[in-house]
Every structure is written in C-alpha cells, then in structure tokens.
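Colleague: One file: run34.csv (CSV, N, CA and C atoms).
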```csv
chain,number,residue,atom,x,y,z
A,75,MET,N,0.8,-1.2,0.0
A,75,MET,CA,0.0,0.0,0.0
A,75,MET,C,0.9,1.2,0.0
A,76,LEU,N,0.4,2.3,-0.7
A,76,LEU,CA,1.1,3.5,-0.7
A,76,LEU,C,0.3,4.5,0.2
A,77,HIS,N,1.0,5.0,1.2
A,77,HIS,CA,0.5,6.0,2.1
A,77,HIS,C,1.0,7.4,1.7
A,78,ILE,N,0.1,8.3,1.4
A,78,ILE,CA,0.5,9.6,1.0
A,78,ILE,C,0.1,10.6,2.1
A,79,VAL,N,1.1,11.4,2.5
A,79,VAL,CA,0.9,12.4,3.6
A,79,VAL,C,1.3,13.7,3.0
A,80,ASN,N,0.5,14.7,3.2
A,80,ASN,CA,0.8,16.1,2.7
A,80,ASN,C,0.8,17.2,3.7
A,81,LYS,N,0.5,16.9,4.9
A,81,LYS,CA,0.6,18.0,6.0
A,81,LYS,C,1.8,17.9,6.8
A,82,SER,N,2.3,19.1,7.2
A,82,SER,CA,3.5,19.2,8.1
A,82,SER,C,3.3,18.4,9.3
A,83,PRO,N,4.2,17.5,9.7
A,83,PRO,CA,4.1,16.8,11.0
A,83,PRO,C,4.2,17.7,12.2
A,84,LEU,N,4.6,18.9,12.0
A,84,LEU,CA,4.8,19.8,13.1
A,84,LEU,C,3.5,20.5,13.5
A,85,THR,N,2.5,20.5,12.6
A,85,THR,CA,1.3,21.2,12.8
A,85,THR,C,0.0,20.3,12.6
A,86,ASN,N,0.2,19.1,12.3
A,86,ASN,CA,-0.9,18.2,11.9
A,86,ASN,C,-0.5,16.8,12.3
A,87,GLY,N,-1.5,16.0,12.7
A,87,GLY,CA,-1.3,14.6,13.2
A,87,GLY,C,-1.4,13.5,12.1
A,88,ALA,N,-1.5,13.9,10.9
A,88,ALA,CA,-1.7,12.9,9.8
A,88,ALA,C,-0.5,11.9,9.7
A,89,PHE,N,0.7,12.4,9.8
A,89,PHE,CA,1.9,11.6,9.7
A,89,PHE,C,2.0,10.6,10.9
A,90,ASP,N,1.7,11.1,12.1
A,90,ASP,CA,1.7,10.3,13.3
A,90,ASP,C,0.6,9.2,13.2
A,91,SER,N,-0.6,9.6,12.7
A,91,SER,CA,-1.7,8.6,12.5
A,91,SER,C,-1.3,7.5,11.5
A,92,CYS,N,-0.6,7.9,10.4
A,92,CYS,CA,-0.2,7.0,9.5
A,92,CYS,C,0.8,6.0,10.1
A,93,LEU,N,1.7,6.4,10.9
A,93,LEU,CA,2.7,5.6,11.5
A,93,LEU,C,2.1,4.7,12.5
A,94,ARG,N,1.1,5.2,13.2
A,94,ARG,CA,0.4,4.4,14.3
A,94,ARG,C,-0.5,3.3,13.7
A,95,VAL,N,-1.2,3.6,12.6
A,95,VAL,CA,-2.2,2.7,12.0
A,95,VAL,C,-1.6,1.7,10.9
A,96,ALA,N,-0.8,2.3,10.1
A,96,ALA,CA,-0.3,1.5,8.9
A,96,ALA,C,0.6,0.4,9.4
A,97,THR,N,0.6,-0.7,8.6
A,97,THR,CA,1.4,-1.9,9.0
A,97,THR,C,2.6,-2.1,8.1
A,98,GLY,N,2.7,-1.3,7.1
A,98,GLY,CA,3.9,-1.4,6.2
A,98,GLY,C,3.6,-0.8,4.8
A,99,GLY,N,4.5,-0.9,3.9
A,99,GLY,CA,4.3,-0.4,2.6
A,99,GLY,C,5.3,0.8,2.3
A,100,ASP,N,4.8,1.6,1.5
A,100,ASP,CA,5.5,2.8,1.1
A,100,ASP,C,4.8,4.1,1.7
A,101,ILE,N,5.6,5.0,2.0
A,101,ILE,CA,5.1,6.4,2.4
A,101,ILE,C,5.7,7.4,1.4
A,102,LEU,N,4.8,8.2,0.9
A,102,LEU,CA,5.2,9.3,0.0
A,102,LEU,C,4.8,10.6,0.7
A,103,LEU,N,5.8,11.4,1.0
A,103,LEU,CA,5.6,12.7,1.6
A,103,LEU,C,5.6,13.8,0.6
A,104,ILE,N,4.5,14.5,0.5
A,104,ILE,CA,4.4,15.6,-0.4
A,104,ILE,C,4.1,16.9,0.3
A,105,GLU,N,4.1,18.0,-0.4
A,105,GLU,CA,3.8,19.3,0.1
A,105,GLU,C,4.6,19.5,1.4
A,106,ASP,N,3.9,20.0,2.5
A,106,ASP,CA,4.6,20.4,3.7
A,106,ASP,C,5.1,19.1,4.5
A,107,ALA,N,4.6,18.0,4.2
A,107,ALA,CA,5.0,16.7,4.9
A,107,ALA,C,6.5,16.4,4.6
A,108,VAL,N,7.1,17.0,3.6
A,108,VAL,CA,8.5,16.7,3.3
A,108,VAL,C,9.4,17.1,4.4
A,109,TYR,N,9.0,18.1,5.3
A,109,TYR,CA,9.8,18.5,6.4
A,109,TYR,C,10.1,17.3,7.3
A,110,ALA,N,9.3,16.3,7.4
A,110,ALA,CA,9.5,15.1,8.2
A,110,ALA,C,10.8,14.4,7.8
A,111,ALA,N,11.2,14.5,6.6
A,111,ALA,CA,12.3,13.7,6.0
A,111,ALA,C,13.6,14.5,6.0
A,112,THR,N,13.7,15.5,6.8
A,112,THR,CA,14.9,16.4,6.7
A,112,THR,C,15.7,16.2,8.0
A,113,SER,N,17.0,16.3,7.8
A,113,SER,CA,17.9,16.2,9.0
A,113,SER,C,17.8,17.4,9.8
A,114,GLY,N,17.9,17.2,11.1
A,114,GLY,CA,17.8,18.3,12.0
A,114,GLY,C,16.4,18.7,12.4
A,115,SER,N,15.4,18.1,11.8
A,115,SER,CA,14.0,18.4,12.1
A,115,SER,C,13.6,17.7,13.4
A,116,ALA,N,12.5,18.2,14.0
A,116,ALA,CA,12.0,17.6,15.2
A,116,ALA,C,11.5,16.2,15.0
A,117,MET,N,11.3,15.8,13.8
A,117,MET,CA,10.8,14.5,13.4
A,117,MET,C,11.9,13.5,13.0
A,118,GLU,N,13.1,13.9,13.0
A,118,GLU,CA,14.2,13.1,12.5
A,118,GLU,C,14.2,11.7,13.2
A,119,ASP,N,14.2,11.6,14.5
A,119,ASP,CA,14.2,10.3,15.2
A,119,ASP,C,13.0,9.5,14.8
A,120,LYS,N,11.8,10.1,14.8
A,120,LYS,CA,10.6,9.3,14.4
A,120,LYS,C,10.7,8.8,13.0
A,121,MET,N,11.3,9.6,12.1
A,121,MET,CA,11.4,9.2,10.7
A,121,MET,C,12.4,8.0,10.6
A,122,ARG,N,13.5,8.1,11.3
A,122,ARG,CA,14.4,7.0,11.2
A,122,ARG,C,13.8,5.7,11.7
A,123,GLU,N,13.0,5.8,12.7
A,123,GLU,CA,12.2,4.6,13.2
A,123,GLU,C,11.2,4.1,12.1
A,124,ALA,N,10.5,5.0,11.5
A,124,ALA,CA,9.6,4.7,10.5
A,124,ALA,C,10.3,4.0,9.3
A,125,MET,N,11.5,4.4,9.0
A,125,MET,CA,12.2,3.8,7.9
A,125,MET,C,12.6,2.3,8.1
A,126,LYS,N,12.4,1.8,9.3
A,126,LYS,CA,12.6,0.4,9.6
A,126,LYS,C,11.4,-0.4,9.2
A,127,ARG,N,10.2,0.2,9.0
A,127,ARG,CA,9.0,-0.4,8.7
A,127,ARG,C,8.5,-0.1,7.3
A,128,PHE,N,8.9,1.1,6.8
A,128,PHE,CA,8.3,1.6,5.5
A,128,PHE,C,9.5,2.0,4.6
A,129,THR,N,9.2,2.0,3.3
A,129,THR,CA,10.1,2.6,2.3
A,129,THR,C,9.5,4.0,2.2
A,130,VAL,N,10.4,5.0,2.4
A,130,VAL,CA,9.9,6.4,2.5
A,130,VAL,C,10.4,7.2,1.2
A,131,HIS,N,9.5,7.9,0.6
A,131,HIS,CA,9.9,8.7,-0.5
A,131,HIS,C,9.4,10.1,-0.3
A,132,VAL,N,10.0,11.1,-0.9
A,132,VAL,CA,9.5,12.5,-0.9
A,132,VAL,C,9.4,13.0,-2.3
A,133,LEU,N,8.5,13.9,-2.5
A,133,LEU,CA,8.4,14.5,-3.8
A,133,LEU,C,9.4,15.6,-4.0
A,134,GLN,N,10.4,15.4,-4.8
A,134,GLN,CA,11.5,16.3,-5.0
A,134,GLN,C,11.1,17.8,-5.3
A,135,PRO,N,10.2,18.0,-6.1
A,135,PRO,CA,9.8,19.4,-6.4
A,135,PRO,C,9.3,20.1,-5.1
A,136,ASP,N,8.6,19.4,-4.2
A,136,ASP,CA,8.2,20.0,-3.0
A,136,ASP,C,9.3,20.2,-2.0
A,137,LEU,N,10.3,19.3,-2.0
A,137,LEU,CA,11.4,19.5,-1.1
A,137,LEU,C,12.3,20.7,-1.6
A,138,GLU,N,12.4,20.8,-2.9
A,138,GLU,CA,13.2,22.0,-3.4
A,138,GLU,C,12.5,23.3,-3.2
A,139,ALA,N,11.1,23.3,-3.4
A,139,ALA,CA,10.4,24.5,-3.2
A,139,ALA,C,10.5,25.1,-1.7
A,140,ARG,N,10.8,24.2,-0.8
A,140,ARG,CA,10.9,24.6,0.6
A,140,ARG,C,12.4,24.8,1.0
A,141,GLY,N,13.3,24.7,0.0
A,141,GLY,CA,14.7,24.9,0.3
A,141,GLY,C,15.3,23.8,1.2
A,142,MET,N,14.8,22.6,1.1
A,142,MET,CA,15.3,21.5,2.0
A,142,MET,C,16.0,20.4,1.2
A,143,ALA,N,16.2,20.6,0.0
A,143,ALA,CA,16.8,19.5,-0.8
A,143,ALA,C,18.2,19.0,-0.3
A,144,ASP,N,18.9,19.9,0.3
A,144,ASP,CA,20.2,19.5,0.8
A,144,ASP,C,20.2,18.9,2.2
A,145,ARG,N,19.0,18.7,2.7
A,145,ARG,CA,18.8,18.2,4.1
A,145,ARG,C,18.1,16.9,4.1
A,146,LEU,N,17.9,16.2,3.0
A,146,LEU,CA,17.2,15.0,2.9
A,146,LEU,C,17.9,13.9,3.7
A,147,LEU,N,17.2,13.2,4.5
A,147,LEU,CA,17.8,12.1,5.3
A,147,LEU,C,18.3,10.9,4.4
A,148,ASP,N,19.4,10.4,4.8
A,148,ASP,CA,19.9,9.2,4.1
A,148,ASP,C,18.9,8.1,4.2
A,149,GLY,N,18.6,7.4,3.1
A,149,GLY,CA,17.7,6.3,3.1
A,149,GLY,C,16.3,6.7,2.6
A,150,VAL,N,16.0,8.0,2.5
A,150,VAL,CA,14.8,8.5,1.9
A,150,VAL,C,15.0,8.8,0.4
A,151,SER,N,14.2,8.2,-0.4
A,151,SER,CA,14.4,8.5,-1.9
A,151,SER,C,13.5,9.6,-2.3
A,152,SER,N,14.0,10.4,-3.2
A,152,SER,CA,13.3,11.5,-3.8
A,152,SER,C,12.7,11.1,-5.2
A,153,VAL,N,11.5,11.5,-5.5
A,153,VAL,CA,10.9,11.1,-6.8
A,153,VAL,C,10.4,12.4,-7.4
A,154,ASP,N,10.4,12.4,-8.7
A,154,ASP,CA,9.8,13.5,-9.5
A,154,ASP,C,8.3,13.2,-9.7
A,155,TYR,N,7.6,14.0,-10.5
A,155,TYR,CA,6.2,13.7,-10.7
A,155,TYR,C,6.0,12.4,-11.4
A,156,GLY,N,6.9,12.1,-12.3
A,156,GLY,CA,6.8,10.8,-13.0
A,156,GLY,C,6.9,9.6,-12.0
A,157,GLY,N,7.9,9.8,-11.0
A,157,GLY,CA,8.0,8.8,-10.0
A,157,GLY,C,6.8,8.7,-9.1
A,158,PHE,N,6.2,9.8,-8.8
A,158,PHE,CA,4.9,9.8,-8.1
A,158,PHE,C,3.9,8.9,-8.8
A,159,VAL,N,3.7,9.1,-10.1
A,159,VAL,CA,2.8,8.3,-10.9
A,159,VAL,C,3.1,6.9,-10.8
A,160,GLU,N,4.4,6.5,-11.0
A,160,GLU,CA,4.9,5.2,-10.9
A,160,GLU,C,4.5,4.5,-9.6
A,161,LEU,N,4.8,5.2,-8.5
A,161,LEU,CA,4.4,4.7,-7.2
A,161,LEU,C,2.9,4.4,-7.0
A,162,VAL,N,2.1,5.3,-7.5
A,162,VAL,CA,0.7,5.1,-7.5
A,162,VAL,C,0.3,3.9,-8.4
A,163,ALA,N,0.9,3.8,-9.6
A,163,ALA,CA,0.5,2.7,-10.5
A,163,ALA,C,1.0,1.3,-10.0
A,164,GLN,N,2.1,1.3,-9.3
A,164,GLN,CA,2.6,0.0,-8.8
A,164,GLN,C,1.9,-0.4,-7.5
A,165,SER,N,1.2,0.4,-6.9
A,165,SER,CA,0.5,0.1,-5.6
A,165,SER,C,-0.9,-0.4,-5.8
A,166,LYS,N,-1.2,-1.5,-5.1
A,166,LYS,CA,-2.6,-2.0,-5.3
A,166,LYS,C,-3.6,-1.0,-4.7
A,167,ASN,N,-3.2,-0.4,-3.6
A,167,ASN,CA,-4.1,0.6,-2.9
A,167,ASN,C,-3.3,1.8,-2.5
A,168,CYS,N,-3.9,2.9,-2.4
A,168,CYS,CA,-3.3,4.2,-2.0
A,168,CYS,C,-4.2,4.8,-0.9
A,169,GLN,N,-3.6,5.3,0.2
A,169,GLN,CA,-4.3,5.9,1.3
A,169,GLN,C,-3.7,7.3,1.5
A,170,SER,N,-4.6,8.3,1.3
A,170,SER,CA,-4.1,9.7,1.6
A,170,SER,C,-4.5,10.0,3.1
A,171,TRP,N,-3.5,10.5,3.8
A,171,TRP,CA,-3.7,10.8,5.2
A,171,TRP,C,-3.9,12.3,5.4
A,172,LEU,N,-5.1,12.7,5.8
A,172,LEU,CA,-5.4,14.1,5.9
A,172,LEU,C,-5.4,14.6,7.3
```
Taking this structure as input, can you express it in the form of structure tokens?
Modeller:
Amino acid sequence: MLHIVNKSPLTNGAFDSCLRVATGGDILLIEDAVYAATSGSAMEDKMREAMKRFTVHVLQPDLEARGMADRLLDGVSSVDYGGFVELVAQSKNCQSWL
C-alpha cells in the first residue's frame, strides 16, 4: 500500500496517524510533509524509526520549493512527478492521510 501524507508533521497529526495505524508499505511525503524527512528536524528520530517499517519517498519538487533538498535524510528516496505516478501505478491501494 502507498500512504500519501501532505501535511506538516509539526502542525498536523496525519503523519503520526499513518505511523500508528499502517502496518507497512511505502510512504510518500508531499507538500509540507516533506519536512519530516529532513535532517535536524524535530521529526528526525521518528522518521528513522519509520524507515525500519516503511520505504519512504519524498516529492523532490516540494522538497526543493521549501529549500530543503540538501537536508534529505539518508535512506529516503526522492521522486519527481513521474516517479509519483509510478508509485501510484505500482501500488494495489493508496491511502491519503489528511
């Protein structure tokens, strides 16, 4: 399953809900959720734990738009819009966490 999170984990509980409820699969962080996958963020430790259970991706254009491209955590892959489409197409189910 592909879990898509778009809200900042610093101001919204969608990312925490995803981690608490989901049992595995891929997580794609888009929009303000990309902050969770940056080094030095308040979510860094939680993200490292999540990476033991999930494959984590970020949408590269959103990471760049927020000036965070140079702070991406090791082990998190960045995808462009084509990669986003591939992740959706490869997944049997997608869940957007609001």
Colleague: Please run DSSP on the backbone and report, as an MDAnalysis selection string, all residues within chain A that come out as helix (DSSP H, G or I).
Modeller: chainID A and resid 88:95 105:111 118:124 134:139 143:145 155:164
Colleague: Find the residues near A:Gly98: any atom within 7 Å, counting only N, CA and C atoms, skip ones fewer than 5 places away on the same chain, and give them as a list of chain:residue names.
Modeller: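 The contact residues come out as A:Met75, A:Arg127, A:Phe128, A:Thr129.
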Colleague: Grab the residues selected above and save them as a PDB file, in the coordinates of the input with N, CA and C atoms.
Modeller:
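So the final result, stored in result.pdb, reads:
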```pdb
ATOM      1  N   MET A  75       0.800  -1.200   0.000  1.00  0.00           N
ATOM      2  CA  MET A  75       0.000   0.000   0.000  1.00  0.00           C
ATOM      3  C   MET A  75       0.900   1.200   0.000  1.00  0.00           C
ATOM      4  N   ARG A 127      10.200   0.200   9.000  1.00  0.00           N
ATOM      5  CA  ARG A 127       9.000  -0.400   8.700  1.00  0.00           C
ATOM      6  C   ARG A 127       8.500  -0.100   7.300  1.00  0.00           C
ATOM      7  N   PHE A 128       8.900   1.100   6.800  1.00  0.00           N
ATOM      8  CA  PHE A 128       8.300   1.600   5.500  1.00  0.00           C
ATOM      9  C   PHE A 128       9.500   2.000   4.600  1.00  0.00           C
ATOM     10  N   THR A 129       9.200   2.000   3.300  1.00  0.00           N
ATOM     11  CA  THR A 129      10.100   2.600   2.300  1.00  0.00           C
ATOM     12  C   THR A 129       9.500   4.000   2.200  1.00  0.00           C
TER      13      THR A 129
END
```
Colleague: Find the spatial neighbours of A:Asp154, counting only N, CA and C atoms, within a cut-off of 6 Å - ignore same-chain residues fewer than 2 positions away - and output them as a count of residues only.
Modeller: 7
Colleague: So how many Å separate atom CA of A:Leu147 and atom N of A:Val95, to one decimal?
Modeller: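 Computing it gives 22.1 Å between the two atoms.
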Colleague: Find the residues around stretch 112-122 of chain A up to 6.5 Å (all atoms listed in the file counted), leave out those fewer than 2 positions away in its own chain, and share them as a PyMOL selection string.
Modeller: chain A and resi 108-110+124-126+145-147
Colleague: For the residues in that selection, give me N, CA and C atoms as an mmCIF file, keeping the file's coordinate frame.
Modeller:
```
data_model
loop_
_atom_site.group_PDB
_atom_site.id
_atom_site.type_symbol
_atom_site.label_atom_id
_atom_site.label_comp_id
_atom_site.auth_asym_id
_atom_site.auth_seq_id
_atom_site.Cartn_x
_atom_site.Cartn_y
_atom_site.Cartn_z
ATOM 1 N N VAL A 108 7.100 17.000 3.600
ATOM 2 C CA VAL A 108 8.500 16.700 3.300
ATOM 3 C C VAL A 108 9.400 17.100 4.400
ATOM 4 N N TYR A 109 9.000 18.100 5.300
ATOM 5 C CA TYR A 109 9.800 18.500 6.400
ATOM 6 C C TYR A 109 10.100 17.300 7.300
ATOM 7 N N ALA A 110 9.300 16.300 7.400
ATOM 8 C CA ALA A 110 9.500 15.100 8.200
ATOM 9 C C ALA A 110 10.800 14.400 7.800
ATOM 10 N N ALA A 124 10.500 5.000 11.500
ATOM 11 C CA ALA A 124 9.600 4.700 10.500
ATOM 12 C C ALA A 124 10.300 4.000 9.300
ATOM 13 N N MET A 125 11.500 4.400 9.000
ATOM 14 C CA MET A 125 12.200 3.800 7.900
ATOM 15 C C MET A 125 12.600 2.300 8.100
ATOM 16 N N LYS A 126 12.400 1.800 9.300
ATOM 17 C CA LYS A 126 12.600 0.400 9.600
ATOM 18 C C LYS A 126 11.400 -0.400 9.200
ATOM 19 N N ARG A 145 19.000 18.700 2.700
ATOM 20 C CA ARG A 145 18.800 18.200 4.100
ATOM 21 C C ARG A 145 18.100 16.900 4.100
ATOM 22 N N LEU A 146 17.900 16.200 3.000
ATOM 23 C CA LEU A 146 17.200 15.000 2.900
ATOM 24 C C LEU A 146 17.900 13.900 3.700
ATOM 25 N N LEU A 147 17.200 13.200 4.500
ATOM 26 C CA LEU A 147 17.800 12.100 5.300
ATOM 27 C C LEU A 147 18.300 10.900 4.400
#
```
Colleague: Using only N, CA and C atoms, list the residues that have an atom at most 8 Å from (7.1, 16.9, 6.8), coordinates as in the file, as a list in words.
Modeller: Val79, Asn80, Lys81, Ser82, Pro83, Leu84, Phe89, Leu103, Ile104, Glu105, Asp106, Ala107, Val108, Tyr109, Ala110, Ala111, Thr112 and Met117 of chain A
Colleague: Counting all atoms listed in the file, which residues have an atom no more than 6 Å from (8.3, 4.5, 2.5) in the file's coordinates? Please list them as a list in words.
Modeller: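 Selection result: Gly99, Asp100, Ile101, Leu102, Phe128, Thr129, Val130 and His131 of chain A.
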Colleague: DSSP says strand (DSSP E) for which residues of chain A? Put them as an MDAnalysis selection string?
Modeller: chainID A and resid 76:79 99:103 128:133 151:153 168:171
Colleague: Find the residue from A:Asn86, A:Val132, A:Gly141, A:His77 that sits nearest to A:Val153; use only N, CA and C atoms when measuring.
Modeller: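 Of the candidates, the smallest distance to A:Val153 is held by A:Val132.
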Colleague: So how far away is atom CA of A:Ser91 from atom N of A:Ala143, in Å?
Modeller: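 Rounded to one decimal, the two atoms are 24.9 Å apart.
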Colleague: Pick out the closest residue to A:Cys168 from this set: A:Gly149, A:Tyr155, A:Ala96, A:Ala88. Count only C-alpha atoms.
Modeller: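 Nearest candidate to A:Cys168 out of A:Gly149, A:Tyr155, A:Ala96, A:Ala88: A:Ala96.
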Colleague: So that I can check the surroundings of A:Lys166, please list as a list of chain:residue names every protein, DNA and RNA residue that reaches within 7 Å of it, counting only N, CA and C atoms and ignoring chain neighbours fewer than 3 positions away.
Modeller: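 Selected residues are A:Met75, A:Leu76, A:Val162, A:Ala163.
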Colleague: State, in Å with one decimal place, the distance from atom C of A:Val159 to atom N of A:Met142.
Modeller: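 Those two atoms sit 22.9 Å apart.
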Colleague: Please provide as an MDAnalysis selection string all residues within 8 Å of A:Gly87, with the sequence filter that same-chain residues fewer than 6 positions apart are discarded (counting all atoms listed in the file).
Modeller: chainID A and resid 81 93 171:172
